[in-house]
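Structure data (mmCIF, C-alpha atoms) from coords-v6.cif:
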```
data_target
loop_
_atom_site.group_PDB
_atom_site.id
_atom_site.type_symbol
_atom_site.label_atom_id
_atom_site.label_comp_id
_atom_site.auth_asym_id
_atom_site.auth_seq_id
_atom_site.Cartn_x
_atom_site.Cartn_y
_atom_site.Cartn_z
ATOM 1 C CA ALA A 1 0.000 0.000 0.000
ATOM 2 C CA GLN A 2 1.156 3.499 -0.690
ATOM 3 C CA SER A 3 0.652 6.602 1.414
ATOM 4 C CA VAL A 4 1.453 10.283 1.377
ATOM 5 C CA ALA A 5 1.901 12.448 4.447
ATOM 6 C CA GLN A 6 1.761 16.214 4.618
ATOM 7 C CA PRO A 7 2.732 16.804 8.238
ATOM 8 C CA GLU A 8 1.595 20.433 8.401
ATOM 9 C CA ASP A 9 -2.056 21.372 8.085
ATOM 10 C CA GLN A 10 -1.083 25.022 7.692
ATOM 11 C CA VAL A 11 2.049 26.961 6.837
ATOM 12 C CA ASN A 12 2.358 30.698 7.325
ATOM 13 C CA VAL A 13 5.106 32.680 5.642
ATOM 14 C CA ALA A 14 5.796 36.364 5.131
ATOM 15 C CA GLU A 15 5.696 37.743 1.622
ATOM 16 C CA GLY A 16 9.157 37.706 0.080
ATOM 17 C CA ASN A 17 10.442 34.938 2.345
ATOM 18 C CA PRO A 18 11.222 31.446 1.075
ATOM 19 C CA LEU A 19 8.508 28.853 1.551
ATOM 20 C CA THR A 20 8.557 25.100 2.030
ATOM 21 C CA VAL A 21 5.580 22.743 2.063
ATOM 22 C CA LYS A 22 6.556 19.282 3.240
ATOM 23 C CA CYS A 23 5.612 15.907 1.818
ATOM 24 C CA THR A 24 6.806 12.403 2.617
ATOM 25 C CA TYR A 25 5.750 9.267 0.815
ATOM 26 C CA SER A 26 5.686 5.520 1.205
ATOM 27 C CA VAL A 27 5.461 3.444 -1.974
ATOM 28 C CA SER A 28 6.748 0.141 -3.191
ATOM 29 C CA GLY A 29 8.939 0.402 -6.252
ATOM 30 C CA ASN A 30 10.019 3.657 -7.830
ATOM 31 C CA PRO A 31 7.831 6.593 -6.826
ATOM 32 C CA TYR A 32 6.056 8.998 -9.105
ATOM 33 C CA LEU A 33 5.397 12.233 -7.220
ATOM 34 C CA PHE A 34 3.224 15.248 -7.934
ATOM 35 C CA TRP A 35 2.241 18.602 -6.489
ATOM 36 C CA TYR A 36 -1.110 20.255 -7.124
ATOM 37 C CA VAL A 37 -2.512 23.599 -5.976
ATOM 38 C CA GLN A 38 -6.134 24.458 -5.242
ATOM 39 C CA TYR A 39 -7.410 28.014 -5.059
ATOM 40 C CA PRO A 40 -10.702 28.693 -3.232
ATOM 41 C CA ASN A 41 -13.745 27.202 -4.948
ATOM 42 C CA ARG A 42 -11.655 25.879 -7.829
ATOM 43 C CA GLY A 43 -10.398 22.532 -9.027
ATOM 44 C CA LEU A 44 -6.829 21.373 -8.513
ATOM 45 C CA GLN A 45 -4.109 22.584 -10.854
ATOM 46 C CA PHE A 46 -0.943 20.680 -11.658
ATOM 47 C CA LEU A 47 2.308 22.312 -10.483
ATOM 48 C CA LEU A 48 5.068 19.782 -11.112
ATOM 49 C CA LYS A 49 5.992 16.120 -11.122
ATOM 50 C CA TYR A 50 8.909 13.782 -10.557
ATOM 51 C CA ILE A 51 8.965 10.628 -12.635
ATOM 52 C CA THR A 52 12.680 10.046 -13.150
ATOM 53 C CA GLY A 53 15.867 12.030 -13.755
ATOM 54 C CA ASP A 54 17.064 15.108 -11.869
ATOM 55 C CA ASN A 55 16.099 15.220 -8.239
ATOM 56 C CA LEU A 56 15.286 18.930 -8.469
ATOM 57 C CA VAL A 57 12.129 19.496 -10.444
ATOM 58 C CA LYS A 58 10.992 22.923 -11.603
ATOM 59 C CA GLY A 59 7.345 23.696 -12.178
ATOM 60 C CA SER A 60 4.780 26.397 -12.692
ATOM 61 C CA TYR A 61 4.703 29.813 -10.977
ATOM 62 C CA GLY A 62 8.340 29.580 -9.810
ATOM 63 C CA PHE A 63 7.801 26.488 -7.655
ATOM 64 C CA GLU A 64 10.272 23.649 -7.430
ATOM 65 C CA ALA A 65 10.513 20.412 -5.502
ATOM 66 C CA GLU A 66 13.369 18.179 -4.478
ATOM 67 C CA PHE A 67 13.092 14.420 -4.582
ATOM 68 C CA ASN A 68 15.053 12.862 -1.725
ATOM 69 C CA LYS A 69 15.022 9.082 -1.917
ATOM 70 C CA SER A 70 16.847 8.452 1.352
ATOM 71 C CA GLN A 71 14.395 10.610 3.292
ATOM 72 C CA THR A 72 11.411 9.576 1.144
ATOM 73 C CA SER A 73 10.505 13.237 0.783
ATOM 74 C CA PHE A 74 9.339 15.554 -1.969
ATOM 75 C CA HIS A 75 9.127 19.006 -0.424
ATOM 76 C CA LEU A 76 7.718 21.920 -2.419
ATOM 77 C CA LYS A 77 9.740 25.119 -2.340
ATOM 78 C CA LYS A 78 9.756 28.660 -3.660
ATOM 79 C CA PRO A 79 12.537 31.191 -3.082
ATOM 80 C CA SER A 80 10.261 34.200 -2.562
ATOM 81 C CA ALA A 81 6.602 33.841 -1.577
ATOM 82 C CA LEU A 82 3.835 35.965 -3.053
ATOM 83 C CA VAL A 83 0.480 36.745 -1.471
ATOM 84 C CA SER A 84 -1.096 35.151 -4.545
ATOM 85 C CA ASP A 85 0.571 31.831 -3.586
ATOM 86 C CA SER A 86 -1.911 31.506 -0.714
ATOM 87 C CA ALA A 87 -3.844 28.330 -1.463
ATOM 88 C CA LEU A 88 -4.234 24.668 -0.563
ATOM 89 C CA TYR A 89 -1.393 22.433 -1.731
ATOM 90 C CA PHE A 90 -1.639 18.691 -2.301
ATOM 91 C CA CYS A 91 1.143 16.182 -2.697
ATOM 92 C CA ALA A 92 0.309 12.948 -4.540
ATOM 93 C CA SER A 93 2.151 9.727 -5.231
ATOM 94 C CA SER A 94 2.019 6.689 -7.436
ATOM 95 C CA HIS A 95 4.600 4.098 -8.396
ATOM 96 C CA SER A 96 6.185 2.393 -11.336
ATOM 97 C CA GLY A 97 5.134 -1.125 -10.383
ATOM 98 C CA ALA A 98 2.589 -3.153 -12.290
ATOM 99 C CA GLY A 99 -1.041 -2.981 -11.261
ATOM 100 C CA SER A 100 -3.043 0.031 -10.210
ATOM 101 C CA TYR A 101 -1.971 3.341 -11.664
ATOM 102 C CA GLN A 102 -3.861 5.376 -9.160
ATOM 103 C CA LEU A 103 -2.646 8.458 -7.378
ATOM 104 C CA THR A 104 -2.782 8.703 -3.610
ATOM 105 C CA PHE A 105 -3.235 12.257 -2.371
ATOM 106 C CA GLY A 106 -2.099 13.765 0.894
ATOM 107 C CA LYS A 107 -4.589 15.628 3.059
ATOM 108 C CA GLY A 108 -3.381 19.006 1.909
ATOM 109 C CA THR A 109 -1.487 21.931 3.430
ATOM 110 C CA LYS A 110 -2.975 25.396 3.572
ATOM 111 C CA LEU A 111 -0.381 27.999 2.724
ATOM 112 C CA SER A 112 -0.963 31.550 3.890
ATOM 113 C CA VAL A 113 1.407 34.249 2.683
ATOM 114 C CA ILE A 114 1.213 37.298 4.901
ATOM 115 C CA PRO A 115 1.738 40.726 3.317
ATOM 116 C CA ASP B 1 -9.816 25.973 -25.562
ATOM 117 C CA ALA B 2 -10.269 22.423 -24.382
ATOM 118 C CA GLU B 3 -11.785 22.083 -20.955
ATOM 119 C CA ILE B 4 -13.513 19.860 -18.449
ATOM 120 C CA THR B 5 -16.899 20.947 -17.126
ATOM 121 C CA GLN B 6 -18.990 19.661 -14.267
ATOM 122 C CA SER B 7 -22.679 20.168 -13.621
ATOM 123 C CA PRO B 8 -24.431 21.048 -11.493
ATOM 124 C CA ARG B 9 -21.943 23.126 -9.516
ATOM 125 C CA HIS B 10 -24.181 23.052 -6.460
ATOM 126 C CA LYS B 11 -26.946 20.651 -5.545
ATOM 127 C CA ILE B 12 -29.053 19.999 -2.483
ATOM 128 C CA THR B 13 -30.968 16.740 -2.332
ATOM 129 C CA GLU B 14 -32.722 14.528 0.159
ATOM 130 C CA THR B 15 -31.660 11.203 1.608
ATOM 131 C CA GLY B 16 -32.668 8.317 -0.623
ATOM 132 C CA ARG B 17 -32.910 10.237 -3.878
ATOM 133 C CA GLN B 18 -30.898 9.342 -6.959
ATOM 134 C CA VAL B 19 -28.430 12.011 -8.036
ATOM 135 C CA THR B 20 -26.288 12.232 -11.162
ATOM 136 C CA LEU B 21 -23.302 14.534 -11.481
ATOM 137 C CA ALA B 22 -22.176 15.220 -15.027
ATOM 138 C CA CYS B 23 -18.604 15.497 -16.274
ATOM 139 C CA HIS B 24 -17.728 16.462 -19.838
ATOM 140 C CA GLN B 25 -14.228 16.942 -21.262
ATOM 141 C CA THR B 26 -13.231 18.222 -24.677
ATOM 142 C CA TRP B 27 -9.584 17.126 -24.594
ATOM 143 C CA ASN B 28 -10.351 13.692 -26.025
ATOM 144 C CA HIS B 29 -8.576 12.123 -23.048
ATOM 145 C CA ASN B 30 -8.987 8.400 -22.543
ATOM 146 C CA ASN B 31 -8.549 8.510 -18.763
ATOM 147 C CA MET B 32 -11.259 10.007 -16.539
ATOM 148 C CA PHE B 33 -11.622 10.003 -12.772
ATOM 149 C CA TRP B 34 -14.054 10.978 -10.034
ATOM 150 C CA TYR B 35 -12.766 12.099 -6.638
ATOM 151 C CA ARG B 36 -14.450 13.384 -3.517
ATOM 152 C CA GLN B 37 -12.849 15.997 -1.298
ATOM 153 C CA ASP B 38 -13.563 16.073 2.409
ATOM 154 C CA LEU B 39 -11.889 18.047 5.165
ATOM 155 C CA GLY B 40 -9.177 15.973 6.790
ATOM 156 C CA HIS B 41 -9.180 13.364 4.023
ATOM 157 C CA GLY B 42 -7.798 15.151 1.010
ATOM 158 C CA LEU B 43 -8.979 13.646 -2.266
ATOM 159 C CA ARG B 44 -10.218 10.074 -2.449
ATOM 160 C CA LEU B 45 -10.825 8.181 -5.661
ATOM 161 C CA ILE B 46 -14.379 6.978 -6.289
ATOM 162 C CA HIS B 47 -14.345 5.503 -9.800
ATOM 163 C CA TYR B 48 -12.195 5.744 -12.878
ATOM 164 C CA SER B 49 -12.188 4.823 -16.547
ATOM 165 C CA TYR B 50 -9.385 4.243 -19.052
ATOM 166 C CA GLY B 51 -11.618 4.309 -22.104
ATOM 167 C CA VAL B 52 -15.077 3.794 -23.551
ATOM 168 C CA HIS B 53 -16.984 1.001 -21.785
ATOM 169 C CA ASP B 54 -14.205 0.660 -19.192
ATOM 170 C CA THR B 55 -15.023 1.452 -15.535
ATOM 171 C CA ASN B 56 -13.215 0.586 -12.330
ATOM 172 C CA LYS B 57 -13.839 0.989 -8.620
ATOM 173 C CA GLY B 58 -11.679 3.259 -6.560
ATOM 174 C CA GLU B 59 -11.014 3.555 -2.862
ATOM 175 C CA VAL B 60 -14.516 4.765 -1.865
ATOM 176 C CA SER B 61 -16.863 3.355 -4.516
ATOM 177 C CA ASP B 62 -19.710 2.050 -2.325
ATOM 178 C CA GLY B 63 -22.967 3.815 -3.160
ATOM 179 C CA TYR B 64 -21.646 5.240 -6.440
ATOM 180 C CA SER B 65 -21.675 4.097 -10.056
ATOM 181 C CA VAL B 66 -20.341 5.386 -13.375
ATOM 182 C CA SER B 67 -20.766 4.545 -17.033
ATOM 183 C CA ARG B 68 -18.602 5.457 -20.029
ATOM 184 C CA SER B 69 -20.508 5.393 -23.304
ATOM 185 C CA ASN B 70 -18.255 7.872 -25.116
ATOM 186 C CA THR B 71 -14.859 9.493 -24.698
ATOM 187 C CA GLU B 72 -16.142 12.874 -23.507
ATOM 188 C CA ASP B 73 -18.451 11.974 -20.610
ATOM 189 C CA LEU B 74 -18.233 10.134 -17.298
ATOM 190 C CA PRO B 75 -21.406 10.743 -15.243
ATOM 191 C CA LEU B 76 -21.328 9.815 -11.561
ATOM 192 C CA THR B 77 -24.556 8.433 -10.076
ATOM 193 C CA LEU B 78 -25.474 8.163 -6.429
ATOM 194 C CA GLU B 79 -28.156 5.484 -6.453
ATOM 195 C CA SER B 80 -29.647 6.399 -3.072
ATOM 196 C CA ALA B 81 -28.046 9.481 -1.588
ATOM 197 C CA ALA B 82 -26.886 9.354 2.022
ATOM 198 C CA SER B 83 -25.805 12.164 4.336
ATOM 199 C CA SER B 84 -22.299 10.671 4.351
ATOM 200 C CA GLN B 85 -22.105 11.521 0.667
ATOM 201 C CA THR B 86 -22.285 15.244 1.345
ATOM 202 C CA SER B 87 -19.010 16.392 -0.194
ATOM 203 C CA VAL B 88 -17.336 18.259 -3.005
ATOM 204 C CA TYR B 89 -16.900 16.070 -6.070
ATOM 205 C CA PHE B 90 -14.186 16.572 -8.669
ATOM 206 C CA CYS B 91 -13.927 15.074 -12.098
ATOM 207 C CA ALA B 92 -10.503 14.842 -13.735
ATOM 208 C CA SER B 93 -9.007 13.589 -16.967
ATOM 209 C CA SER B 94 -5.575 12.754 -18.313
ATOM 210 C CA GLU B 95 -4.058 11.608 -21.570
ATOM 211 C CA ARG B 96 -0.837 9.850 -20.648
ATOM 212 C CA TYR B 97 -0.347 6.133 -20.435
ATOM 213 C CA PRO B 98 0.495 4.779 -17.966
ATOM 214 C CA PRO B 99 -2.057 7.114 -16.429
ATOM 215 C CA ASN B 100 0.065 7.829 -13.366
ATOM 216 C CA THR B 101 2.862 9.516 -15.331
ATOM 217 C CA GLY B 102 1.001 12.593 -16.497
ATOM 218 C CA GLU B 103 -0.886 15.472 -15.024
ATOM 219 C CA LEU B 104 -4.553 15.401 -14.175
ATOM 220 C CA PHE B 105 -6.845 18.148 -15.449
ATOM 221 C CA PHE B 106 -9.591 18.901 -12.940
ATOM 222 C CA GLY B 107 -13.054 20.338 -13.269
ATOM 223 C CA GLU B 108 -14.293 23.125 -11.001
ATOM 224 C CA GLY B 109 -16.118 20.747 -8.678
ATOM 225 C CA SER B 110 -19.703 19.939 -7.731
ATOM 226 C CA ARG B 111 -20.780 20.643 -4.166
ATOM 227 C CA LEU B 112 -23.436 18.146 -3.076
ATOM 228 C CA THR B 113 -25.442 18.445 0.118
ATOM 229 C CA VAL B 114 -27.621 15.529 1.207
ATOM 230 C CA LEU B 115 -30.236 16.450 3.816
#
```
Render the structure in this file as structure tokens.
Amino acid sequence: AQSVAQPEDQVNVAEGNPLTVKCTYSVSGNPYLFWYVQYPNRGLQFLLKYITGDNLVKGSYGFEAEFNKSQTSFHLKKPSALVSDSALYFCASSHSGAGSYQLTFGKGTKLSVIP
Amino acid sequence: DAEITQSPRHKITETGRQVTLACHQTWNHNNMFWYRQDLGHGLRLIHYSYGVHDTNKGEVSDGYSVSRSNTEDLPLTLESAASSQTSVYFCASSERYPPNTGELFFGEGSRLTVL
């Protein structure tokens, strides 16, 4: 069975400061990892993914994430937070093994960027 | 522009009634999914389809059914609505195969209240 943990329900950061939203995963086989963002009353939007290759993945809106196999983590980062980054962020995982191709989502982390 | 639309966006119904939530995508994606979003649970997969006439049960499929008669549509039916099915429902689609290697495109969501 696979699982995704987002240990923080909420993260507060001042505008202009770097932000990190944490995600750890547990999968059998090679992990496929994703980050999505949800703005109020909207559907989720894809930010970035790690399938294979470089451990540092760059995505939309200046976000990036680092795949760390030894720590089973895939933390989302941005060097300088904007107020418009305030939203709900979801980490999701799958794996390369045969069988179900389904994504498992974390419970989400609410990011608040304070002006 | 291609898109994925859900209807209705808001619905209130009574316990025991049949409810159908529509999902229509114009990307010509083979893969379509239904998720429910509940506070503290993140997104949970209800049903999914990898093509016409293909349907599969997800993590929380009890009390729900889907049918796929064409590429564009995957309606979700609650046969006899229960208060536990009060939730926000999201439809999503994707084009990649394996389906867990590409991004999901989400609709705006349907908020269902069962009284």
Please identify all residues of chain B having at least one atom at most 8 Å from any atom of chain A, considering all atoms listed in the file, and return them as JSON, numbers by chain. {"B": [39, 40, 41, 42, 43, 44, 90, 98, 99, 100, 101, 103, 104, 105, 106, 107, 108, 109]}
Could you name the residues that touch stretch 54-71 of chain B at 12 Å or less, counting only C-alpha atoms, but leaving out those on the same chain fewer than 6 positions away, as a VMD selection string? (chain A and resid 1 100 to 105) or (chain B and resid 16 to 37 41 43 to 48 77 to 85 89 91 93 to 95)
Please, what is the axis-aligned box for every listed atom of stretch 100-106 of chain A with 4 Å on each side, as centre and edge lengths in Å to one decimal, as JSON?
```
{"center_x": -2.9, "center_y": 6.9, "center_z": -5.4, "size_x": 9.9, "size_y": 21.7, "size_z": 20.6}
```
To one decimal in Å, tell me the separation between atom CA of A:Asp85 and atom CA of B:Val88.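 Going from atom CA of A:Asp85 over to atom CA of B:Val88, I get 22.5 Å.
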Just to confirm, what's the straight-line distance from atom CA of A:Leu76 to atom CA of A:Thr20 in Å (one decimal)? 5.5 Å
Pick from A:Thr72, A:Asn12, A:Ser3, A:Thr24: nearest to A:Ile114, with only C-alpha atoms counted?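 Between A:Thr72, A:Asn12, A:Ser3, A:Thr24, the residue approaching A:Ile114 most closely is A:Asn12.
Across the structure, atom CA of A:Ala87 and atom CA of B:Asp1 are spaced 24.9 Å apart.
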Excluding A:Gly53 and its own-chain neighbours fewer than 5 positions away, which residues fall within 12 Å of it when counting only C-alpha atoms? Please give them as a PyMOL selection string. chain A and resi 30-32+66-67
Residue IDs satisfying the PyMOL selection byres ((chain B and resi 10) around 9), as a short mmCIF file (atom, residue, chain, number, x, y, z; two decimals) with C-alpha atoms, in the coordinates of the input:
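That gives us part32.cif:
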```
data_model
loop_
_atom_site.label_atom_id
_atom_site.label_comp_id
_atom_site.auth_asym_id
_atom_site.auth_seq_id
_atom_site.Cartn_x
_atom_site.Cartn_y
_atom_site.Cartn_z
CA SER B 7 -22.68 20.17 -13.62
CA PRO B 8 -24.43 21.05 -11.49
CA ARG B 9 -21.94 23.13 -9.52
CA LYS B 11 -26.95 20.65 -5.54
CA ILE B 12 -29.05 20.00 -2.48
CA GLY B 109 -16.12 20.75 -8.68
CA SER B 110 -19.70 19.94 -7.73
CA ARG B 111 -20.78 20.64 -4.17
CA LEU B 112 -23.44 18.15 -3.08
CA THR B 113 -25.44 18.44 0.12
#
```
Measuring atom to atom with all atoms listed in the file, identify which of A:Lys77, A:Val113, A:Asn17, A:Ser26 is nearest to A:Lys58.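 Once distances to A:Lys58 are computed over all atoms listed in the file, the minimum belongs to A:Lys77.
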